[in-house]
$ cat run_22.tsv   # TSV, C-alpha atoms and all ligand atoms
chain	number	residue	atom	x	y	z
A	1	MET	CA	60.72	-131.50	-89.96
A	2	SER	CA	62.42	-128.13	-89.69
A	3	VAL	CA	65.09	-128.05	-87.03
A	4	THR	CA	65.11	-124.96	-84.86
A	5	LYS	CA	66.96	-124.15	-81.69
A	6	ASN	CA	63.81	-125.24	-79.82
A	7	THR	CA	63.71	-128.68	-81.42
A	8	SER	CA	64.42	-131.25	-78.75
A	9	MET	CA	66.77	-134.12	-79.40
A	10	GLY	CA	63.87	-136.50	-78.66
A	11	GLU	CA	61.72	-134.91	-81.37
A	12	LEU	CA	64.61	-135.02	-83.82
A	13	ILE	CA	65.31	-138.69	-83.13
A	14	ALA	CA	61.61	-139.56	-83.41
A	15	ASP	CA	61.40	-137.75	-86.73
A	16	VAL	CA	64.49	-139.45	-88.14
A	17	ARG	CA	63.22	-142.83	-86.99
A	18	GLU	CA	59.87	-142.24	-88.67
A	19	ARG	CA	61.58	-141.30	-91.93
A	20	VAL	CA	63.83	-144.35	-91.81
A	21	LEU	CA	60.83	-146.63	-91.27
A	22	PHE	CA	59.05	-144.95	-94.18
A	23	LEU	CA	62.05	-145.52	-96.45
A	24	GLN	CA	62.24	-149.15	-95.35
A	25	GLU	CA	58.58	-149.62	-96.23
A	26	MET	CA	59.31	-148.13	-99.65
A	27	GLY	CA	61.97	-150.77	-100.25
A	28	VAL	CA	65.02	-148.61	-99.64
A	29	SER	CA	67.82	-150.73	-98.25
A	30	TYR	CA	70.44	-148.11	-97.49
A	31	LEU	CA	71.28	-144.43	-97.75
A	32	ALA	CA	74.58	-143.14	-99.09
A	33	VAL	CA	75.23	-139.71	-97.64
A	34	GLY	CA	78.12	-137.52	-98.78
A	35	LEU	CA	78.87	-134.24	-97.06
A	36	LEU	CA	80.64	-131.71	-99.29
A	37	GLU	CA	83.36	-129.39	-98.15
A	38	ALA	CA	82.00	-126.70	-95.88
A	39	LYS	CA	82.59	-123.86	-98.36
A	40	THR	CA	80.17	-125.38	-100.88
A	41	ASP	CA	77.29	-125.46	-98.37
A	42	ILE	CA	75.86	-128.35	-100.35
A	43	ALA	CA	75.09	-131.93	-99.40
A	44	LYS	CA	73.99	-134.72	-101.68
A	45	THR	CA	71.97	-137.77	-100.78
A	46	ASP	CA	71.76	-140.90	-102.90
A	47	VAL	CA	68.82	-143.21	-102.32
A	48	CYS	CA	69.26	-146.84	-103.26
A	49	THR	CA	66.32	-149.19	-103.48
A	50	ALA	CA	66.30	-152.83	-102.56
A	51	ASN	CA	66.65	-153.87	-106.22
A	52	GLY	CA	69.76	-151.77	-106.69
A	53	GLU	CA	68.30	-148.80	-108.53
A	54	LYS	CA	70.06	-145.58	-107.65
A	55	GLY	CA	68.75	-142.06	-108.01
A	56	MET	CA	70.14	-138.67	-106.99
A	57	ALA	CA	67.88	-137.06	-104.43
A	58	ASP	CA	69.18	-133.50	-104.64
A	59	SER	CA	69.83	-131.09	-107.43
A	60	HIS	CA	73.55	-130.54	-106.81
A	61	ASN	CA	75.14	-133.34	-108.81
A	62	ASP	CA	77.63	-131.05	-110.52
A	63	ALA	CA	78.90	-129.61	-107.28
A	64	ALA	CA	79.08	-133.10	-105.81
A	65	ARG	CA	81.30	-134.23	-108.68
A	66	ARG	CA	83.56	-131.20	-108.29
A	67	TYR	CA	84.15	-131.94	-104.63
A	68	PRO	CA	84.19	-135.70	-104.35
A	69	ILE	CA	84.36	-137.04	-100.82
A	70	PRO	CA	83.93	-140.51	-99.40
A	71	GLU	CA	80.36	-141.66	-98.95
A	72	ILE	CA	78.93	-142.94	-95.71
A	73	ASN	CA	76.59	-145.87	-96.24
A	74	ILE	CA	73.82	-146.11	-93.69
A	75	PRO	CA	72.15	-149.52	-93.66
A	76	LEU	CA	68.45	-149.18	-93.03
A	77	ASN	CA	67.89	-152.76	-92.08
A	78	SER	CA	67.76	-152.41	-88.32
A	79	LYS	CA	69.96	-154.68	-86.29
A	80	PRO	CA	68.22	-157.14	-83.99
A	81	ALA	CA	67.51	-155.63	-80.60
A	82	GLU	CA	70.04	-156.21	-77.87
A	83	PRO	CA	68.95	-159.22	-75.83
A	84	ARG	CA	67.44	-158.36	-72.47
A	85	PRO	CA	69.49	-159.29	-69.44
A	86	ALA	CA	68.57	-162.71	-68.19
A	87	PRO	CA	65.68	-162.50	-65.75
A	88	GLY	CA	66.99	-162.14	-62.24
A	89	SER	CA	70.53	-161.35	-63.38
A	90	ARG	CA	70.48	-157.89	-61.84
A	91	LEU	CA	69.39	-159.31	-58.52
A	92	ALA	CA	71.85	-162.13	-58.78
A	93	SER	CA	74.63	-159.58	-59.08
A	94	LEU	CA	73.80	-158.14	-55.68
A	95	PRO	CA	75.85	-159.34	-52.75
A	96	SER	CA	74.66	-162.57	-51.17
A	97	LEU	CA	71.40	-162.96	-53.08
A	98	GLY	CA	72.65	-165.99	-54.91
A	99	LYS	CA	72.84	-167.84	-51.60
A	100	ARG	CA	69.10	-167.83	-51.05
A	101	LYS	CA	67.22	-171.11	-50.58
A	102	GLY	CA	64.05	-172.21	-52.36
A	103	SER	CA	60.63	-171.44	-50.91
A	104	LYS	CA	57.09	-172.87	-50.94
A	105	PHE	CA	55.96	-170.10	-53.29
A	106	PHE	CA	58.86	-170.86	-55.52
A	107	ASP	CA	58.14	-174.58	-55.68
A	108	GLU	CA	54.39	-174.25	-56.15
A	109	TYR	CA	54.36	-171.80	-58.98
A	110	ASN	CA	57.46	-172.57	-61.00
A	111	PRO	CA	58.45	-176.18	-60.47
A	112	PRO	CA	59.95	-176.92	-63.88
A	113	GLU	CA	61.83	-173.66	-64.23
A	114	VAL	CA	63.49	-173.58	-60.87
A	115	GLU	CA	67.06	-174.42	-60.31
A	116	SER	CA	66.84	-175.71	-56.79
A	117	GLY	CA	68.45	-173.75	-54.02
A	118	GLU	CA	69.13	-170.72	-56.16
A	119	LEU	CA	67.48	-167.47	-57.10
A	120	ARG	CA	64.24	-168.10	-58.97
A	121	VAL	CA	64.48	-167.39	-62.67
A	122	GLU	CA	61.49	-166.87	-64.94
A	123	ARG	CA	61.76	-167.73	-68.61
A	124	SER	CA	59.43	-164.97	-69.71
A	125	GLY	CA	57.69	-161.87	-68.38
A	126	PRO	CA	59.23	-159.22	-66.13
A	127	GLU	CA	62.48	-159.66	-64.31
A	128	THR	CA	62.32	-161.69	-61.13
A	129	GLY	CA	61.11	-159.40	-58.39
A	130	PHE	CA	61.82	-159.09	-54.70
A	131	HIS	CA	58.46	-160.64	-53.80
A	132	GLU	CA	59.05	-163.64	-56.02
A	133	MET	CA	62.40	-164.52	-54.55
A	134	SER	CA	62.88	-167.29	-52.06
A	135	GLU	CA	63.00	-166.50	-48.36
A	136	PRO	CA	65.89	-164.27	-47.36
A	137	THR	CA	68.70	-165.95	-45.52
A	138	GLU	CA	70.11	-162.78	-44.05
A	139	THR	CA	68.74	-160.21	-41.66
A	140	ILE	CA	68.87	-156.45	-41.44
A	141	GLU	CA	71.20	-156.84	-38.47
A	142	GLN	CA	73.59	-158.96	-40.52
A	143	ILE	CA	73.59	-156.38	-43.32
A	144	ARG	CA	74.35	-153.62	-40.82
A	145	ALA	CA	77.12	-155.67	-39.28
A	146	GLU	CA	78.65	-156.19	-42.71
A	147	ILE	CA	78.54	-152.46	-43.42
A	148	GLY	CA	80.17	-151.78	-40.07
A	149	THR	CA	80.26	-148.60	-38.05
A	150	ASP	CA	83.37	-147.28	-39.77
A	151	CYS	CA	82.72	-148.17	-43.40
A	152	THR	CA	85.34	-146.84	-45.81
A	153	ARG	CA	84.02	-148.36	-49.02
A	154	CYS	CA	83.50	-144.99	-50.69
A	155	LYS	CA	85.08	-141.57	-50.43
A	156	LEU	CA	82.24	-140.14	-48.30
A	157	SER	CA	83.94	-141.86	-45.37
A	158	ALA	CA	86.76	-139.32	-45.60
A	159	LEU	CA	84.72	-136.20	-46.34
A	160	GLY	CA	83.57	-135.20	-42.87
A	161	ARG	CA	80.81	-137.64	-41.95
A	162	SER	CA	80.28	-138.22	-38.24
A	163	GLN	CA	78.81	-141.70	-38.51
A	164	VAL	CA	77.16	-144.25	-40.76
A	165	VAL	CA	73.39	-143.65	-40.74
A	166	ASN	CA	71.56	-146.94	-41.15
A	167	SER	CA	67.93	-147.49	-42.12
A	168	VAL	CA	65.37	-147.59	-39.32
A	169	GLY	CA	61.87	-148.88	-38.73
A	170	ASN	CA	59.87	-152.07	-39.07
A	171	PHE	CA	61.78	-154.87	-40.76
A	172	ASN	CA	58.47	-156.32	-42.03
A	173	ALA	CA	56.99	-153.04	-43.20
A	174	ASP	CA	54.60	-152.83	-46.13
A	175	LEU	CA	55.84	-149.32	-46.83
A	176	MET	CA	59.38	-148.05	-47.25
A	177	PHE	CA	60.70	-144.53	-47.72
A	178	VAL	CA	64.02	-143.95	-49.47
A	179	GLY	CA	66.01	-140.73	-49.67
A	180	GLU	CA	69.38	-139.93	-51.17
A	181	ALA	CA	71.70	-139.45	-48.16
A	182	PRO	CA	71.79	-138.13	-44.59
A	183	GLY	CA	71.89	-134.39	-43.96
A	184	ALA	CA	73.44	-132.53	-41.05
A	185	ASP	CA	70.79	-133.51	-38.49
A	186	GLU	CA	70.85	-137.14	-39.56
A	187	ASP	CA	74.64	-137.18	-39.44
A	188	ARG	CA	74.54	-135.81	-35.90
A	189	LEU	CA	71.74	-138.04	-34.58
A	190	GLY	CA	72.48	-141.20	-36.55
A	191	GLU	CA	68.95	-141.66	-37.92
A	192	PRO	CA	67.52	-140.95	-41.38
A	193	PHE	CA	64.95	-138.19	-41.83
A	194	VAL	CA	65.15	-136.29	-38.56
A	195	GLY	CA	65.22	-132.49	-38.25
A	196	ARG	CA	62.67	-130.28	-40.00
A	197	ALA	CA	62.47	-132.32	-43.18
A	198	GLY	CA	62.24	-135.47	-41.11
A	199	GLN	CA	59.41	-134.03	-39.04
A	200	LEU	CA	57.54	-133.22	-42.23
A	201	LEU	CA	58.03	-136.81	-43.41
A	202	THR	CA	56.77	-138.04	-40.04
A	203	ASP	CA	53.65	-135.88	-40.51
A	204	ILE	CA	53.12	-137.35	-43.98
A	205	ILE	CA	53.41	-140.87	-42.58
A	206	GLU	CA	51.41	-140.41	-39.38
A	207	LYS	CA	48.86	-137.73	-40.29
A	208	GLY	CA	48.58	-138.43	-43.99
A	209	LEU	CA	48.75	-142.21	-44.02
A	210	GLY	CA	47.67	-142.85	-40.44
A	211	ILE	CA	50.64	-145.18	-39.83
A	212	PRO	CA	53.01	-144.80	-36.87
A	213	ARG	CA	56.47	-143.88	-38.13
A	214	LYS	CA	57.96	-146.89	-36.37
A	215	ASP	CA	55.82	-149.16	-38.57
A	216	VAL	CA	57.42	-148.11	-41.87
A	217	PHE	CA	61.02	-148.64	-42.98
A	218	ILE	CA	63.10	-145.55	-43.77
A	219	GLY	CA	66.52	-145.45	-45.38
A	220	ASN	CA	68.84	-143.70	-47.79
A	221	ILE	CA	70.74	-144.85	-50.85
A	222	ASN	CA	73.95	-143.50	-49.27
A	223	ARG	CA	74.49	-143.84	-45.53
A	224	CYS	CA	77.07	-141.12	-45.03
A	225	ARG	CA	76.55	-137.39	-45.29
A	226	PRO	CA	78.03	-135.76	-48.41
A	227	PRO	CA	79.94	-132.55	-47.66
A	228	GLY	CA	77.94	-129.35	-47.96
A	229	ASN	CA	74.75	-131.38	-48.42
A	230	ARG	CA	75.66	-132.00	-52.05
A	231	ALA	CA	74.06	-134.93	-53.84
A	232	PRO	CA	75.97	-138.21	-53.64
A	233	GLU	CA	78.15	-138.79	-56.66
A	234	PRO	CA	77.70	-141.88	-58.86
A	235	ASP	CA	80.86	-143.60	-57.63
A	236	GLU	CA	79.61	-143.15	-54.06
A	237	SER	CA	76.08	-144.38	-54.73
A	238	VAL	CA	77.09	-147.41	-56.71
A	239	VAL	CA	79.01	-148.73	-53.71
A	240	CYS	CA	76.38	-148.10	-51.05
A	241	LYS	CA	73.15	-148.79	-52.94
A	242	PRO	CA	73.48	-152.61	-52.91
A	243	PHE	CA	73.11	-152.58	-49.13
A	244	LEU	CA	69.77	-150.79	-49.45
A	245	LEU	CA	68.64	-153.26	-52.11
A	246	ARG	CA	69.56	-156.12	-49.80
A	247	GLU	CA	67.39	-154.50	-47.14
A	248	VAL	CA	64.54	-154.23	-49.65
A	249	ALA	CA	64.96	-157.95	-50.35
A	250	VAL	CA	64.67	-158.67	-46.61
A	251	VAL	CA	61.80	-156.29	-45.82
A	252	ARG	CA	59.90	-156.85	-49.09
A	253	PRO	CA	57.68	-153.79	-48.84
A	254	LYS	CA	54.59	-153.53	-51.00
A	255	VAL	CA	55.44	-149.93	-51.87
A	256	ILE	CA	58.61	-147.84	-51.86
A	257	VAL	CA	58.11	-144.08	-51.74
A	258	VAL	CA	61.30	-142.57	-53.10
A	259	LEU	CA	61.90	-138.99	-52.04
A	260	GLY	CA	63.44	-136.42	-54.35
A	261	ALA	CA	64.92	-136.43	-57.83
A	262	THR	CA	68.36	-137.75	-56.91
A	263	ALA	CA	67.08	-140.82	-55.08
A	264	ALA	CA	64.30	-141.50	-57.60
A	265	GLN	CA	66.61	-141.26	-60.61
A	266	ASN	CA	69.19	-143.42	-58.90
A	267	LEU	CA	66.77	-146.13	-57.78
A	268	LEU	CA	64.86	-146.28	-61.06
A	269	GLU	CA	67.99	-145.74	-63.16
A	270	THR	CA	66.57	-142.92	-65.23
A	271	LYS	CA	67.20	-139.26	-65.99
A	272	THR	CA	63.50	-138.39	-66.07
A	273	PRO	CA	62.73	-135.31	-63.96
A	274	ILE	CA	60.91	-135.98	-60.70
A	275	SER	CA	58.03	-133.78	-61.85
A	276	LYS	CA	57.39	-136.25	-64.68
A	277	MET	CA	57.93	-139.38	-62.58
A	278	ARG	CA	55.68	-138.50	-59.66
A	279	GLY	CA	51.95	-139.14	-59.69
A	280	LYS	CA	52.17	-142.71	-60.93
A	281	PHE	CA	53.57	-146.01	-59.79
A	282	HIS	CA	56.73	-147.40	-61.29
A	283	ASP	CA	57.97	-150.96	-61.02
A	284	TYR	CA	61.27	-151.84	-59.46
A	285	LEU	CA	61.83	-155.57	-59.54
A	286	GLY	CA	58.25	-156.30	-58.65
A	287	VAL	CA	57.87	-153.59	-56.00
A	288	LYS	CA	55.65	-150.60	-56.67
A	289	VAL	CA	57.63	-147.37	-56.46
A	290	MET	CA	56.07	-143.94	-56.04
A	291	PRO	CA	58.49	-141.07	-56.62
A	292	THR	CA	57.55	-137.80	-54.98
A	293	PHE	CA	59.16	-134.56	-53.87
A	294	HIS	CA	61.67	-134.57	-51.00
A	295	PRO	CA	60.37	-133.11	-47.72
A	296	ALA	CA	63.26	-130.62	-47.71
A	297	TYR	CA	61.97	-129.33	-51.06
A	298	LEU	CA	58.50	-128.95	-49.57
A	299	LEU	CA	59.97	-126.73	-46.86
A	300	ARG	CA	61.27	-124.43	-49.59
A	301	ASP	CA	58.16	-124.65	-51.78
A	302	PRO	CA	55.07	-125.51	-49.69
A	303	HIS	CA	52.87	-125.30	-52.81
A	304	LYS	CA	54.22	-128.72	-53.79
A	305	LYS	CA	52.57	-130.27	-50.74
A	306	ARG	CA	49.37	-130.71	-52.73
A	307	GLU	CA	51.15	-132.88	-55.29
A	308	VAL	CA	52.85	-134.91	-52.59
A	309	TRP	CA	49.49	-135.45	-50.94
A	310	GLU	CA	48.11	-136.73	-54.25
A	311	ASP	CA	51.01	-139.19	-54.47
A	312	ILE	CA	50.56	-140.29	-50.87
A	313	LYS	CA	46.83	-140.84	-51.37
A	314	MET	CA	47.64	-143.19	-54.26
A	315	VAL	CA	50.02	-145.08	-51.97
A	316	ARG	CA	47.40	-145.22	-49.21
A	317	ASP	CA	44.73	-146.52	-51.59
A	318	TYR	CA	47.04	-149.14	-53.05
A	319	LEU	CA	48.07	-150.39	-49.61
A	320	ARG	CA	44.39	-150.72	-48.66
A	321	THR	CA	43.60	-152.83	-51.70
A	322	ALA	CA	46.81	-154.86	-51.46
A	323	ALA	CA	46.29	-155.65	-47.76
B	401	LIG	S1	78.20	-143.97	-47.98
B	401	LIG	FE1	77.92	-146.18	-47.73
B	401	LIG	S2	79.64	-147.12	-48.86
B	401	LIG	FE2	80.16	-144.95	-48.53
B	401	LIG	S3	81.36	-145.00	-46.63
B	401	LIG	FE3	79.22	-144.58	-46.07
B	401	LIG	S4	78.33	-146.57	-45.59
B	401	LIG	FE4	80.26	-146.93	-46.70

$ encode --input "run_22.tsv" --output "structure tokens"
Amino acid sequence: MSVTKNTSMGELIADVRERVLFLQEMGVSYLAVGLLEAKTDIAKTDVCTANGEKGMADSHNDAARRYPIPEINIPLNSKPAEPRPAPGSRLASLPSLGKRKGSKFFDEYNPPEVESGELRVERSGPETGFHEMSEPTETIEQIRAEIGTDCTRCKLSALGRSQVVNSVGNFNADLMFVGEAPGADEDRLGEPFVGRAGQLLTDIIEKGLGIPRKDVFIGNINRCRPPGNRAPEPDESVVCKPFLLREVAVVRPKVIVVLGATAAQNLLETKTPISKMRGKFHDYLGVKVMPTFHPAYLLRDPHKKREVWEDIKMVRDYLRTAA
């Protein structure tokens, strides 16, 4: 593969991986690579086979001998993959989830694998999801009370917010919308997704999905407005996000629509652009997640409404079949 300035790192890594696998199939156990001094502009590569035979792969042996440098041995035998986190461990790390009691579902479907009174743990398959957990022992009101009206857990508390903006809506909703953080209108009124972007979201919910806004659950990953409407920073999100996840565990929606790149990348823990994530369901601990563009972005680029409508139709169709 020739490397040009347009070659992506992903392509380069894929190419190197393919070559390494090829060499492994040919019985090569390691590569010894020596880089010569920069002025020689020459590199040599020794290839050693599994039976110890060694052959020079380039035609610059003389130069390599004139400028000896230490070799770097690259074992080709891949290390065993890192073990996956124990199923349910991510949920167990969230505040209070470990206190949950067993449930009928839990007892019926996993009797031998259950440690009674604790979070259900599967021995195989996907990580334990929100829907598979035992009944919640806390309420949305208790979570809000724990957050408090004057939360100072992250630095957004000291950067000009007017109030903590909690999630709103139906605590038993099948559908949840998640954004990144309150904006100016939300900060002033104390409710997520109000103002022009909020009205557009309300239209999507009520006109597009035919559901009253009060019947869905709407929240943000961060509950305080970042200054200048900047995106929340990682140290701010990591503190506030667990409260939203606890709300998800209480509400147990069938679908979460996550609005905008910042919220989608944060919730799904990825760097994938929103344009590549949208249009298909993702899984987040057993809950279907549909990333789509933020309503504020639609106000700036109304052409994206068509793509959002495609996403919303997929959500609508799934909710009909999952009813
Ligand atoms: S953003 Fe969340 S964690 Fe930070 S101060 Fe506000 S409520 Fe507390």

$ atom_distance --input "run_22.tsv" --atom1 "CA of Ile312 in chain A" --atom2 "CA of Pro136 in chain A"
28.7 Å

$ closest_residue --input "run_22.tsv" --among "A:Val238, A:Ile204, A:Ala231, A:Val178" --to "ligand LIG 401 (chain B)" --atoms "only C-alpha atoms and all ligand atoms"
A:Val238

$ closest_residue --input "run_22.tsv" --among "A:Phe243, A:Phe193, A:Phe177, A:Tyr297" --to "ligand LIG 401 (chain B)" --atoms "only C-alpha atoms and all ligand atoms"
A:Phe243

$ residues_near_ligand --input "run_22.tsv" --ligand "ligand LIG 401 (chain B)" --cutoff "10 Å" --atoms "only C-alpha atoms and all ligand atoms" --output "VMD selection string"
chain A and resid 144 147 to 159 161 163 to 166 181 to 182 220 to 226 232 235 to 244

$ closest_residue --input "run_22.tsv" --among "A:Pro212, A:Gly219, A:Gly160, A:Pro227" --to "Arg246 in chain A" --atoms "all atoms listed in the file"
A:Gly219

$ closest_residue --input "run_22.tsv" --among "A:Gly260, A:Gly179, A:Gly228, A:Pro295" --to "Arg278 in chain A" --atoms "all atoms listed in the file"
A:Gly260

$ atom_distance --input "run_22.tsv" --atom1 "CA of Gly183 in chain A" --atom2 "CA of Ala264 in chain A"
17.2 Å

$ closest_residue --input "run_22.tsv" --among "A:Leu201, A:Ile211, A:Val248, A:Met176" --to "Thr139 in chain A" --atoms "all atoms listed in the file"
A:Val248

$ atom_distance --input "run_22.tsv" --atom1 "CA of Ile218 in chain A" --atom2 "CA of Glu191 in chain A"
9.1 Å

$ closest_residue --input "run_22.tsv" --among "A:Pro234, A:Thr292, A:Asn170, A:Leu175" --to "Glu269 in chain A" --atoms "all atoms listed in the file"
A:Pro234

$ decode --input "run_22.tsv" --residues "range 293-313 of chain A" --atoms "N, CA and C atoms" --output "PDB file, in the first residue's frame"
ATOM      1  N   PHE A 293     -29.784  14.307  14.372  1.00  0.00           N
ATOM      2  CA  PHE A 293     -29.291  15.680  14.498  1.00  0.00           C
ATOM      3  C   PHE A 293     -30.060  16.445  15.586  1.00  0.00           C
ATOM      4  N   HIS A 294     -29.363  17.394  16.204  1.00  0.00           N
ATOM      5  CA  HIS A 294     -29.968  18.224  17.254  1.00  0.00           C
ATOM      6  C   HIS A 294     -30.935  19.217  16.610  1.00  0.00           C
ATOM      7  N   PRO A 295     -32.079  19.480  17.248  1.00  0.00           N
ATOM      8  CA  PRO A 295     -33.021  20.448  16.675  1.00  0.00           C
ATOM      9  C   PRO A 295     -32.391  21.818  16.403  1.00  0.00           C
ATOM     10  N   ALA A 296     -31.452  22.238  17.238  1.00  0.00           N
ATOM     11  CA  ALA A 296     -30.805  23.540  17.003  1.00  0.00           C
ATOM     12  C   ALA A 296     -30.033  23.518  15.677  1.00  0.00           C
ATOM     13  N   TYR A 297     -29.478  22.360  15.338  1.00  0.00           N
ATOM     14  CA  TYR A 297     -28.778  22.216  14.051  1.00  0.00           C
ATOM     15  C   TYR A 297     -29.766  22.290  12.886  1.00  0.00           C
ATOM     16  N   LEU A 298     -30.953  21.731  13.107  1.00  0.00           N
ATOM     17  CA  LEU A 298     -31.980  21.786  12.056  1.00  0.00           C
ATOM     18  C   LEU A 298     -32.420  23.225  11.791  1.00  0.00           C
ATOM     19  N   LEU A 299     -32.387  24.052  12.832  1.00  0.00           N
ATOM     20  CA  LEU A 299     -32.758  25.455  12.625  1.00  0.00           C
ATOM     21  C   LEU A 299     -31.738  26.148  11.721  1.00  0.00           C
ATOM     22  N   ARG A 300     -30.485  25.718  11.824  1.00  0.00           N
ATOM     23  CA  ARG A 300     -29.441  26.314  10.981  1.00  0.00           C
ATOM     24  C   ARG A 300     -29.407  25.684   9.599  1.00  0.00           C
ATOM     25  N   ASP A 301     -29.739  24.397   9.515  1.00  0.00           N
ATOM     26  CA  ASP A 301     -29.694  23.693   8.233  1.00  0.00           C
ATOM     27  C   ASP A 301     -30.976  22.872   8.055  1.00  0.00           C
ATOM     28  N   PRO A 302     -32.057  23.518   7.619  1.00  0.00           N
ATOM     29  CA  PRO A 302     -33.353  22.816   7.511  1.00  0.00           C
ATOM     30  C   PRO A 302     -33.317  21.631   6.553  1.00  0.00           C
ATOM     31  N   HIS A 303     -32.326  21.566   5.646  1.00  0.00           N
ATOM     32  CA  HIS A 303     -32.257  20.426   4.736  1.00  0.00           C
ATOM     33  C   HIS A 303     -32.069  19.107   5.486  1.00  0.00           C
ATOM     34  N   LYS A 304     -31.537  19.184   6.698  1.00  0.00           N
ATOM     35  CA  LYS A 304     -31.301  17.956   7.470  1.00  0.00           C
ATOM     36  C   LYS A 304     -32.593  17.401   8.064  1.00  0.00           C
ATOM     37  N   LYS A 305     -33.677  18.158   7.945  1.00  0.00           N
ATOM     38  CA  LYS A 305     -34.944  17.669   8.512  1.00  0.00           C
ATOM     39  C   LYS A 305     -35.362  16.346   7.871  1.00  0.00           C
ATOM     40  N   ARG A 306     -35.061  16.175   6.599  1.00  0.00           N
ATOM     41  CA  ARG A 306     -35.454  14.946   5.919  1.00  0.00           C
ATOM     42  C   ARG A 306     -34.777  13.733   6.577  1.00  0.00           C
ATOM     43  N   GLU A 307     -33.480  13.891   6.912  1.00  0.00           N
ATOM     44  CA  GLU A 307     -32.786  12.778   7.541  1.00  0.00           C
ATOM     45  C   GLU A 307     -33.315  12.508   8.947  1.00  0.00           C
ATOM     46  N   VAL A 308     -33.632  13.580   9.656  1.00  0.00           N
ATOM     47  CA  VAL A 308     -34.202  13.390  10.997  1.00  0.00           C
ATOM     48  C   VAL A 308     -35.546  12.675  10.885  1.00  0.00           C
ATOM     49  N   TRP A 309     -36.332  13.060   9.901  1.00  0.00           N
ATOM     50  CA  TRP A 309     -37.623  12.407   9.726  1.00  0.00           C
ATOM     51  C   TRP A 309     -37.447  10.930   9.418  1.00  0.00           C
ATOM     52  N   GLU A 310     -36.429  10.572   8.635  1.00  0.00           N
ATOM     53  CA  GLU A 310     -36.151   9.150   8.381  1.00  0.00           C
ATOM     54  C   GLU A 310     -35.828   8.423   9.678  1.00  0.00           C
ATOM     55  N   ASP A 311     -35.018   9.062  10.527  1.00  0.00           N
ATOM     56  CA  ASP A 311     -34.663   8.453  11.818  1.00  0.00           C
ATOM     57  C   ASP A 311     -35.901   8.283  12.689  1.00  0.00           C
ATOM     58  N   ILE A 312     -36.721   9.327  12.716  1.00  0.00           N
ATOM     59  CA  ILE A 312     -37.904   9.301  13.577  1.00  0.00           C
ATOM     60  C   ILE A 312     -38.907   8.253  13.084  1.00  0.00           C
ATOM     61  N   LYS A 313     -39.002   8.074  11.785  1.00  0.00           N
ATOM     62  CA  LYS A 313     -39.905   7.040  11.267  1.00  0.00           C
ATOM     63  C   LYS A 313     -39.440   5.649  11.714  1.00  0.00           C
TER      64      LYS A 313
END
